[in-house]
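What follows is one structure encoded as structure tokens, with my remarks underneath.
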Protein chains: 2
Amino acid sequence: MTTNSDTPPARTYSACLVIIGNEILSGRTQDANLAYLAKNLNDAGVQMTEARVIPDIESTIIATVNEVRAKHDYVFTTGGIGPTHDDITALSIAKAFGVALVLDPEAKRRLESRYSTLPLNEARLRMAHVPEGATLIDNPVSAAPGFRIGNVFVLAGVPAIARAMFDGLKPGLTGGARILSLSITCNLAEGTIAQDLTGIQDRWPALGIGSYPMWRNEGGFAVGLVLRGPVKADLEAAGAEVVAMIATHGGTVLEEAWS
Amino acid sequence: MTTNSDTPPARTYSACLVIIGNEILSGRTQDANLAYLAKNLNDAGVQMTEARVIPDIESTIIATVNEVRAKHDYVFTTGGIGPTHDDITALSIAKAFGVALVLDPEAKRRLESRYSTLPLNEARLRMAHVPEGATLIDNPVSAAPGFRIGNVFVLAGVPAIARAMFDGLKPGLTGGARILSLSITCNLAEGTIAQDLTGIQDRWPALGIGSYPMWRNEGGFAVGLVLRGPVKADLEAAGAEVVAMIATHGGTVLEEAWS
């Protein structure tokens with residue numbers, strides 16, 4: 001395999017997102033956390049390589065978390081950490097790790113500050129319980145914390161809270177190289193460039209090259225070609241091949257964007 | 001267990017959605033198929049009880065599809081059936097079933113009609129290949145068909161195409177009861193009603209009751225309480241308990257909606 005670069009292969013870090021919630025699986029609620037976490041994990045050098053959406057069923061949460069925490073460097077869960085009967089994530093994670101669910105004094109203190117005008121009743125105190133040995137994840141939006149145990153990070157489901165929790169965690173994550181992305185959009189049909197694109201992929205096996213067709217109402221066929229990899233020089237060189245290939249088919253580059 | 005109804009328990013039908021695509025896991029593309037399929041499967045009496053997002057890796061597709069097709073009545077996949085090198089779904093599904101990938105004459109005929117002005121080159125002919133024994137799924141948008149093999153339905157990833165393919169399939173699906181949903185939104189904090197809501201859930205074990213907090217910029221706390229089940233009379237009776245419970249806490253029902 002030619003790497004076309006002097007950079008040694010780096011250790012990669014993987015993450016799995018487990019979206020816990022009947023409301024996602026019923027179609028009532030559109031998930032808004034996956035894309036945000038994926039992009040921001042990449043900034044931290046961690047690649048989301050799997051995501052699962054599962055119902056609010058204890059045995060399913062336990063089995064899923066235990067399966068994916070053994071396979072990935074990081075697991076993030078969203079959903080099910082509120083005060084109501086259907087919020088069973090914390091207890092399920094405790095059972096997955098074989099530990100007790102315990103009242104965390106610091107979590108209780110944060111809820112007491114937050115609920116100065118509302119009673120800190122038994123239901124709200126559920127949100128101060130975490131698996132024994134877990135550490136709290138700050139919630140700057142509504143106080144009730146998430147928690148981390150082992151490589152599992154338990155976040156709220158409400159997007160504004162999930163994002164704020166993740167933003168606080170992000171600087172502390174250990175990752176590898178950030179994957180860069182070069183997106184080249186052209187006005188050709190996907191089938192026109194497919195064979196030549198295979199050739200480019202074969203010459204650059206260390207890059208991931210994706211092809212995403214689209215239809216422009218006024219402009220007809222278009223396709224977005226996305227090159228992904230950790231080394232900018234490789235993307236620049238392979239991107240130049242893509243641009244030249246587009247020209248040989250009489251196409252025009254509509255947009256070129258890095259991210 | 002009290003069912004509060006004379007309806008015998010019906011056989012339930014489950015589905016798993018497998019979203020195949022690096023572009024979803026990188027955060028570049030927001031999935032727009034899960035919610036549509038979930039709602040429309042429910043119309044056909046089938047409940048989506050799991051979804052997975054996996055990368056364009058053959059071994060992962062094979063392992064995932066073989067795992068979930070053994071667990072669910074139906075499996076739907078989206079993504080990876082175009083003409084480019086990264087479109088590996090059809091071959092992976094063939095391998096999952098241990099059959100060859102073969103040229104389907106009818107699929108080829110449809111592509112020939114479609115591509116009257118563009119060459120039906122080797123890349124485009126990839127889209128006429130299906131696992132041996134599969135039946136075609138119509139694509140009224142762009143001709144290139146999906147396919148069904150066993151209980152696995154392979155759809156395009158582009159939402160307009162995935163939806164059109166599913167809409168054609170829907171009348172032919174065998175399902176059970178449609179799950180009805182009664183959503184009651186009130187102006188109370190979730191923690192205020194949590195304990196009483198647990199009581200209602202305990203009295204109606206055959207219903208799924210979910211609680212989804214929200215924050216109204218002008219109006220402060222609100223929570224959506226969602227009751228789900230197949231029997232309308234049960235939802236009406238349990239819903240009346242929810243409305244009465246809201247009143248005992250001094251709250252107001254902001255919205256009541258069936259779906």
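Note on naming: chains are A, B, ... as they come in the structure tokens, residues start from 1 per chain, ligands start from 1 in the order shown.
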Within 7 Å of chain B, which residues of chain A show up when using only C-alpha atoms, listed as a PDB file with all heavy atoms, in the first residue's frame?
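To be explicit, this is the file written out as part16.pdb:
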```
ATOM      1  N   LEU A  25     -37.420   6.372  17.887  1.00  0.00           N
ATOM      2  CA  LEU A  25     -37.815   5.190  17.115  1.00  0.00           C
ATOM      3  C   LEU A  25     -39.257   5.261  16.626  1.00  0.00           C
ATOM      4  O   LEU A  25     -39.619   4.567  15.675  1.00  0.00           O
ATOM      5  CB  LEU A  25     -37.619   3.923  17.954  1.00  0.00           C
ATOM      6  CG  LEU A  25     -36.165   3.488  18.122  1.00  0.00           C
ATOM      7  CD1 LEU A  25     -36.064   2.373  19.158  1.00  0.00           C
ATOM      8  CD2 LEU A  25     -35.566   3.022  16.792  1.00  0.00           C
ATOM      9  N   SER A  26     -40.095   6.063  17.285  1.00  0.00           N
ATOM     10  CA  SER A  26     -41.471   6.208  16.800  1.00  0.00           C
ATOM     11  C   SER A  26     -41.554   7.250  15.691  1.00  0.00           C
ATOM     12  O   SER A  26     -42.588   7.394  15.048  1.00  0.00           O
ATOM     13  CB  SER A  26     -42.397   6.627  17.941  1.00  0.00           C
ATOM     14  OG  SER A  26     -42.161   7.972  18.312  1.00  0.00           O
ATOM     15  N   GLY A  27     -40.485   7.997  15.482  1.00  0.00           N
ATOM     16  CA  GLY A  27     -40.498   9.056  14.480  1.00  0.00           C
ATOM     17  C   GLY A  27     -41.050  10.367  15.002  1.00  0.00           C
ATOM     18  O   GLY A  27     -41.122  11.348  14.264  1.00  0.00           O
ATOM     19  N   GLN A  30     -36.987  14.005  15.815  1.00  0.00           N
ATOM     20  CA  GLN A  30     -35.843  13.832  14.917  1.00  0.00           C
ATOM     21  C   GLN A  30     -34.563  13.981  15.745  1.00  0.00           C
ATOM     22  O   GLN A  30     -34.367  15.005  16.401  1.00  0.00           O
ATOM     23  CB  GLN A  30     -35.896  14.899  13.822  1.00  0.00           C
ATOM     24  CG  GLN A  30     -34.632  15.043  12.991  1.00  0.00           C
ATOM     25  CD  GLN A  30     -34.427  13.899  12.011  1.00  0.00           C
ATOM     26  OE1 GLN A  30     -35.341  13.537  11.265  1.00  0.00           O
ATOM     27  NE2 GLN A  30     -33.235  13.306  12.009  1.00  0.00           N
ATOM     28  N   LEU A  34     -26.538  13.324  16.715  1.00  0.00           N
ATOM     29  CA  LEU A  34     -25.520  12.508  16.044  1.00  0.00           C
ATOM     30  C   LEU A  34     -24.535  13.369  15.254  1.00  0.00           C
ATOM     31  O   LEU A  34     -23.326  13.267  15.433  1.00  0.00           O
ATOM     32  CB  LEU A  34     -26.189  11.461  15.145  1.00  0.00           C
ATOM     33  CG  LEU A  34     -25.302  10.358  14.568  1.00  0.00           C
ATOM     34  CD1 LEU A  34     -26.141   9.150  14.147  1.00  0.00           C
ATOM     35  CD2 LEU A  34     -24.435  10.800  13.395  1.00  0.00           C
ATOM     36  N   ALA A  35     -25.048  14.210  14.371  1.00  0.00           N
ATOM     37  CA  ALA A  35     -24.155  14.990  13.499  1.00  0.00           C
ATOM     38  C   ALA A  35     -23.274  15.935  14.320  1.00  0.00           C
ATOM     39  O   ALA A  35     -22.080  16.084  14.038  1.00  0.00           O
ATOM     40  CB  ALA A  35     -24.965  15.775  12.467  1.00  0.00           C
ATOM     41  N   TYR A  36     -23.861  16.531  15.350  1.00  0.00           N
ATOM     42  CA  TYR A  36     -23.065  17.444  16.183  1.00  0.00           C
ATOM     43  C   TYR A  36     -21.934  16.704  16.888  1.00  0.00           C
ATOM     44  O   TYR A  36     -20.780  17.145  16.878  1.00  0.00           O
ATOM     45  CB  TYR A  36     -23.970  18.126  17.228  1.00  0.00           C
ATOM     46  CG  TYR A  36     -23.231  19.153  18.069  1.00  0.00           C
ATOM     47  CD1 TYR A  36     -23.089  20.456  17.623  1.00  0.00           C
ATOM     48  CD2 TYR A  36     -22.656  18.803  19.286  1.00  0.00           C
ATOM     49  CE1 TYR A  36     -22.395  21.387  18.367  1.00  0.00           C
ATOM     50  CE2 TYR A  36     -21.962  19.728  20.044  1.00  0.00           C
ATOM     51  CZ  TYR A  36     -21.834  21.025  19.591  1.00  0.00           C
ATOM     52  OH  TYR A  36     -21.144  21.951  20.320  1.00  0.00           O
ATOM     53  N   ALA A  38     -20.623  13.823  16.042  1.00  0.00           N
ATOM     54  CA  ALA A  38     -19.672  13.275  15.062  1.00  0.00           C
ATOM     55  C   ALA A  38     -18.636  14.314  14.661  1.00  0.00           C
ATOM     56  O   ALA A  38     -17.429  14.052  14.661  1.00  0.00           O
ATOM     57  CB  ALA A  38     -20.423  12.778  13.831  1.00  0.00           C
ATOM     58  N   LYS A  39     -19.113  15.518  14.325  1.00  0.00           N
ATOM     59  CA  LYS A  39     -18.183  16.567  13.882  1.00  0.00           C
ATOM     60  C   LYS A  39     -17.254  16.989  15.010  1.00  0.00           C
ATOM     61  O   LYS A  39     -16.056  17.212  14.803  1.00  0.00           O
ATOM     62  CB  LYS A  39     -18.970  17.785  13.397  1.00  0.00           C
ATOM     63  CG  LYS A  39     -19.661  17.566  12.060  1.00  0.00           C
ATOM     64  CD  LYS A  39     -20.430  18.828  11.683  1.00  0.00           C
ATOM     65  CE  LYS A  39     -21.341  18.582  10.491  1.00  0.00           C
ATOM     66  NZ  LYS A  39     -22.247  19.695  10.247  1.00  0.00           N
ATOM     67  N   MET A  48     -16.498   8.741  15.020  1.00  0.00           N
ATOM     68  CA  MET A  48     -17.707   7.976  15.301  1.00  0.00           C
ATOM     69  C   MET A  48     -17.850   6.917  14.215  1.00  0.00           C
ATOM     70  O   MET A  48     -18.002   7.235  13.038  1.00  0.00           O
ATOM     71  CB  MET A  48     -18.946   8.872  15.323  1.00  0.00           C
ATOM     72  CG  MET A  48     -20.196   8.139  15.793  1.00  0.00           C
ATOM     73  SD  MET A  48     -21.704   9.120  15.645  1.00  0.00           S
ATOM     74  CE  MET A  48     -21.447  10.345  16.918  1.00  0.00           C
ATOM     75  N   THR A  49     -17.758   5.654  14.581  1.00  0.00           N
ATOM     76  CA  THR A  49     -17.805   4.585  13.586  1.00  0.00           C
ATOM     77  C   THR A  49     -19.069   3.727  13.713  1.00  0.00           C
ATOM     78  O   THR A  49     -19.236   2.771  12.958  1.00  0.00           O
ATOM     79  CB  THR A  49     -16.561   3.672  13.702  1.00  0.00           C
ATOM     80  OG1 THR A  49     -16.478   3.170  15.048  1.00  0.00           O
ATOM     81  CG2 THR A  49     -15.288   4.443  13.370  1.00  0.00           C
ATOM     82  N   GLU A  50     -19.920   4.089  14.651  1.00  0.00           N
ATOM     83  CA  GLU A  50     -21.160   3.325  14.821  1.00  0.00           C
ATOM     84  C   GLU A  50     -22.138   4.174  15.625  1.00  0.00           C
ATOM     85  O   GLU A  50     -21.728   4.956  16.484  1.00  0.00           O
ATOM     86  CB  GLU A  50     -20.865   2.026  15.588  1.00  0.00           C
ATOM     87  CG  GLU A  50     -22.060   1.109  15.743  1.00  0.00           C
ATOM     88  CD  GLU A  50     -21.713  -0.208  16.453  1.00  0.00           C
ATOM     89  OE1 GLU A  50     -20.571  -0.367  16.932  1.00  0.00           O
ATOM     90  OE2 GLU A  50     -22.612  -1.065  16.533  1.00  0.00           O
ATOM     91  N   ALA A  51     -23.418   4.009  15.341  1.00  0.00           N
ATOM     92  CA  ALA A  51     -24.446   4.609  16.189  1.00  0.00           C
ATOM     93  C   ALA A  51     -25.614   3.650  16.255  1.00  0.00           C
ATOM     94  O   ALA A  51     -25.884   2.904  15.302  1.00  0.00           O
ATOM     95  CB  ALA A  51     -24.890   5.958  15.641  1.00  0.00           C
ATOM     96  N   ARG A  52     -26.278   3.640  17.381  1.00  0.00           N
ATOM     97  CA  ARG A  52     -27.447   2.777  17.552  1.00  0.00           C
ATOM     98  C   ARG A  52     -28.578   3.583  18.154  1.00  0.00           C
ATOM     99  O   ARG A  52     -28.342   4.438  19.013  1.00  0.00           O
ATOM    100  CB  ARG A  52     -27.126   1.625  18.488  1.00  0.00           C
ATOM    101  CG  ARG A  52     -25.953   0.795  17.983  1.00  0.00           C
ATOM    102  CD  ARG A  52     -26.114  -0.616  18.384  1.00  0.00           C
ATOM    103  NE  ARG A  52     -24.938  -1.384  18.017  1.00  0.00           N
ATOM    104  CZ  ARG A  52     -24.788  -2.656  18.307  1.00  0.00           C
ATOM    105  NH1 ARG A  52     -25.736  -3.297  18.986  1.00  0.00           N
ATOM    106  NH2 ARG A  52     -23.713  -3.308  17.932  1.00  0.00           N
ATOM    107  N   VAL A  53     -29.776   3.296  17.715  1.00  0.00           N
ATOM    108  CA  VAL A  53     -30.966   3.873  18.328  1.00  0.00           C
ATOM    109  C   VAL A  53     -31.728   2.726  18.969  1.00  0.00           C
ATOM    110  O   VAL A  53     -32.072   1.751  18.289  1.00  0.00           O
ATOM    111  CB  VAL A  53     -31.853   4.588  17.300  1.00  0.00           C
ATOM    112  CG1 VAL A  53     -32.938   5.389  18.013  1.00  0.00           C
ATOM    113  CG2 VAL A  53     -31.034   5.496  16.386  1.00  0.00           C
ATOM    114  N   ILE A  54     -31.953   2.833  20.272  1.00  0.00           N
ATOM    115  CA  ILE A  54     -32.579   1.727  20.998  1.00  0.00           C
ATOM    116  C   ILE A  54     -33.730   2.255  21.867  1.00  0.00           C
ATOM    117  O   ILE A  54     -33.753   3.426  22.234  1.00  0.00           O
ATOM    118  CB  ILE A  54     -31.561   0.959  21.869  1.00  0.00           C
ATOM    119  CG1 ILE A  54     -30.926   1.876  22.928  1.00  0.00           C
ATOM    120  CG2 ILE A  54     -30.490   0.313  21.011  1.00  0.00           C
ATOM    121  CD1 ILE A  54     -30.049   1.136  23.940  1.00  0.00           C
ATOM    122  N   PRO A  55     -34.677   1.382  22.202  1.00  0.00           N
ATOM    123  CA  PRO A  55     -35.829   1.813  23.009  1.00  0.00           C
ATOM    124  C   PRO A  55     -35.490   1.905  24.496  1.00  0.00           C
ATOM    125  O   PRO A  55     -34.436   1.453  24.941  1.00  0.00           O
ATOM    126  CB  PRO A  55     -36.856   0.701  22.758  1.00  0.00           C
ATOM    127  CG  PRO A  55     -36.050  -0.509  22.444  1.00  0.00           C
ATOM    128  CD  PRO A  55     -34.793  -0.015  21.766  1.00  0.00           C
ATOM    129  N   PRO A  83     -36.363  13.048  35.334  1.00  0.00           N
ATOM    130  CA  PRO A  83     -36.961  12.631  36.604  1.00  0.00           C
ATOM    131  C   PRO A  83     -38.124  11.648  36.488  1.00  0.00           C
ATOM    132  O   PRO A  83     -38.660  11.238  37.524  1.00  0.00           O
ATOM    133  CB  PRO A  83     -37.465  13.968  37.170  1.00  0.00           C
ATOM    134  CG  PRO A  83     -37.868  14.734  35.952  1.00  0.00           C
ATOM    135  CD  PRO A  83     -36.884  14.343  34.869  1.00  0.00           C
ATOM    136  N   THR A  84     -38.543  11.282  35.277  1.00  0.00           N
ATOM    137  CA  THR A  84     -39.779  10.486  35.164  1.00  0.00           C
ATOM    138  C   THR A  84     -39.495   8.986  35.053  1.00  0.00           C
ATOM    139  O   THR A  84     -38.352   8.553  34.880  1.00  0.00           O
ATOM    140  CB  THR A  84     -40.641  10.975  33.979  1.00  0.00           C
ATOM    141  OG1 THR A  84     -39.843  11.044  32.803  1.00  0.00           O
ATOM    142  CG2 THR A  84     -41.222  12.344  34.283  1.00  0.00           C
ATOM    143  N   HIS A  85     -40.586   8.209  35.148  1.00  0.00           N
ATOM    144  CA  HIS A  85     -40.481   6.740  35.188  1.00  0.00           C
ATOM    145  C   HIS A  85     -39.783   6.172  33.969  1.00  0.00           C
ATOM    146  O   HIS A  85     -39.231   5.072  34.024  1.00  0.00           O
ATOM    147  CB  HIS A  85     -41.890   6.132  35.289  1.00  0.00           C
ATOM    148  CG  HIS A  85     -42.684   6.376  34.046  1.00  0.00           C
ATOM    149  ND1 HIS A  85     -43.359   7.568  33.823  1.00  0.00           N
ATOM    150  CD2 HIS A  85     -42.862   5.637  32.927  1.00  0.00           C
ATOM    151  CE1 HIS A  85     -43.926   7.522  32.637  1.00  0.00           C
ATOM    152  NE2 HIS A  85     -43.645   6.379  32.077  1.00  0.00           N
ATOM    153  N   ASP A  86     -39.847   6.881  32.821  1.00  0.00           N
ATOM    154  CA  ASP A  86     -39.229   6.358  31.603  1.00  0.00           C
ATOM    155  C   ASP A  86     -37.752   6.731  31.498  1.00  0.00           C
ATOM    156  O   ASP A  86     -37.092   6.394  30.515  1.00  0.00           O
ATOM    157  CB  ASP A  86     -40.002   6.828  30.353  1.00  0.00           C
ATOM    158  CG  ASP A  86     -40.116   8.346  30.259  1.00  0.00           C
ATOM    159  OD1 ASP A  86     -40.089   9.015  31.316  1.00  0.00           O
ATOM    160  OD2 ASP A  86     -40.262   8.862  29.138  1.00  0.00           O
ATOM    161  N   ALA A 123     -38.833  12.548  42.776  1.00  0.00           N
ATOM    162  CA  ALA A 123     -38.622  12.390  41.335  1.00  0.00           C
ATOM    163  C   ALA A 123     -37.378  13.170  40.894  1.00  0.00           C
ATOM    164  O   ALA A 123     -36.521  12.645  40.182  1.00  0.00           O
ATOM    165  CB  ALA A 123     -39.856  12.867  40.570  1.00  0.00           C
ATOM    166  N   ARG A 124     -37.276  14.429  41.340  1.00  0.00           N
ATOM    167  CA  ARG A 124     -36.119  15.232  40.925  1.00  0.00           C
ATOM    168  C   ARG A 124     -34.823  14.656  41.502  1.00  0.00           C
ATOM    169  O   ARG A 124     -33.757  14.753  40.888  1.00  0.00           O
ATOM    170  CB  ARG A 124     -36.305  16.692  41.333  1.00  0.00           C
ATOM    171  CG  ARG A 124     -37.421  17.372  40.535  1.00  0.00           C
ATOM    172  CD  ARG A 124     -37.405  18.885  40.628  1.00  0.00           C
ATOM    173  NE  ARG A 124     -38.422  19.449  39.741  1.00  0.00           N
ATOM    174  CZ  ARG A 124     -39.651  19.826  40.131  1.00  0.00           C
ATOM    175  NH1 ARG A 124     -40.002  19.727  41.407  1.00  0.00           N
ATOM    176  NH2 ARG A 124     -40.508  20.300  39.260  1.00  0.00           N
ATOM    177  N   GLU A 190     -23.228  10.798 -11.505  1.00  0.00           N
ATOM    178  CA  GLU A 190     -22.327   9.928 -10.748  1.00  0.00           C
ATOM    179  C   GLU A 190     -21.778   8.794 -11.613  1.00  0.00           C
ATOM    180  O   GLU A 190     -20.598   8.436 -11.515  1.00  0.00           O
ATOM    181  CB  GLU A 190     -23.127   9.354  -9.560  1.00  0.00           C
ATOM    182  CG  GLU A 190     -22.274   8.838  -8.445  1.00  0.00           C
ATOM    183  CD  GLU A 190     -23.118   8.249  -7.313  1.00  0.00           C
ATOM    184  OE1 GLU A 190     -24.292   7.899  -7.547  1.00  0.00           O
ATOM    185  OE2 GLU A 190     -22.589   8.134  -6.201  1.00  0.00           O
ATOM    186  N   GLY A 191     -22.643   8.232 -12.445  1.00  0.00           N
ATOM    187  CA  GLY A 191     -22.228   7.093 -13.268  1.00  0.00           C
ATOM    188  C   GLY A 191     -21.173   7.457 -14.294  1.00  0.00           C
ATOM    189  O   GLY A 191     -20.438   6.596 -14.785  1.00  0.00           O
ATOM    190  N   ALA A 194     -17.770   7.363 -12.288  1.00  0.00           N
ATOM    191  CA  ALA A 194     -17.587   6.262 -11.334  1.00  0.00           C
ATOM    192  C   ALA A 194     -16.319   5.453 -11.601  1.00  0.00           C
ATOM    193  O   ALA A 194     -15.552   5.156 -10.672  1.00  0.00           O
ATOM    194  CB  ALA A 194     -18.813   5.344 -11.364  1.00  0.00           C
ATOM    195  N   GLN A 195     -16.084   5.117 -12.871  1.00  0.00           N
ATOM    196  CA  GLN A 195     -14.941   4.245 -13.162  1.00  0.00           C
ATOM    197  C   GLN A 195     -13.620   4.952 -12.857  1.00  0.00           C
ATOM    198  O   GLN A 195     -12.736   4.381 -12.209  1.00  0.00           O
ATOM    199  CB  GLN A 195     -14.987   3.798 -14.625  1.00  0.00           C
ATOM    200  CG  GLN A 195     -13.997   2.674 -14.914  1.00  0.00           C
ATOM    201  CD  GLN A 195     -14.099   2.162 -16.352  1.00  0.00           C
ATOM    202  OE1 GLN A 195     -15.060   2.461 -17.063  1.00  0.00           O
ATOM    203  NE2 GLN A 195     -13.107   1.385 -16.760  1.00  0.00           N
ATOM    204  N   THR A 198     -12.972   5.193  -9.176  1.00  0.00           N
ATOM    205  CA  THR A 198     -12.444   3.943  -8.616  1.00  0.00           C
ATOM    206  C   THR A 198     -10.921   3.910  -8.760  1.00  0.00           C
ATOM    207  O   THR A 198     -10.199   3.500  -7.843  1.00  0.00           O
ATOM    208  CB  THR A 198     -13.070   2.731  -9.336  1.00  0.00           C
ATOM    209  OG1 THR A 198     -14.486   2.804  -9.214  1.00  0.00           O
ATOM    210  CG2 THR A 198     -12.571   1.422  -8.740  1.00  0.00           C
ATOM    211  N   GLY A 210     -15.804   9.257  -0.963  1.00  0.00           N
ATOM    212  CA  GLY A 210     -17.237   9.001  -1.060  1.00  0.00           C
ATOM    213  C   GLY A 210     -17.846   9.792  -2.195  1.00  0.00           C
ATOM    214  O   GLY A 210     -17.346  10.858  -2.563  1.00  0.00           O
ATOM    215  N   SER A 211     -18.911   9.270  -2.760  1.00  0.00           N
ATOM    216  CA  SER A 211     -19.585   9.919  -3.891  1.00  0.00           C
ATOM    217  C   SER A 211     -21.060  10.060  -3.559  1.00  0.00           C
ATOM    218  O   SER A 211     -21.731   9.068  -3.279  1.00  0.00           O
ATOM    219  CB  SER A 211     -19.387   9.034  -5.132  1.00  0.00           C
ATOM    220  OG  SER A 211     -20.189   9.517  -6.194  1.00  0.00           O
TER     221      SER A 211
END
```
I need the residues in segment 65-191 of chain B that are helix (DSSP H, G or I) according to DSSP; give them as an NGL selection string.
:B and (65-71 or 89-97 or 105-114 or 122-128 or 159-172 or 190-191)
Using only C-alpha atoms, which residue out of B:Thr78, B:Pro140, B:Gly133, B:Tyr115 lies closest to Leu103 of chain B?
B:Gly133
Can you list every residue in segment 93-171 of chain A that DSSP puts in strand (DSSP E or B), as a list in words?
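For segment 93-171 of chain A, the strand (DSSP E or B) set is Leu101, Val102, Leu103, His129, Val130, Pro131, Thr135, Leu136, Ile137, Gly146, Phe147, Arg148, Ile149, Val152, Phe153, Val154 and Leu155 of chain A.
Interatomic distance, atom CA of Lys108 of chain B to atom CA of Ala128 of chain B: 5.1 Å.
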Identify which of the residues A:Asn187, A:Ser142, A:Thr135, A:Asn151 lies closest to His72 of chain A, counting only C-alpha atoms when measuring atom-to-atom distances.
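That would be A:Asn151, the residue with the smallest distance to His72 of chain A.
Shortest atom-to-atom contact with Glu67 of chain B among B:Leu91, B:Val152, B:Ile161, B:Ala134: B:Val152, counting only C-alpha atoms.
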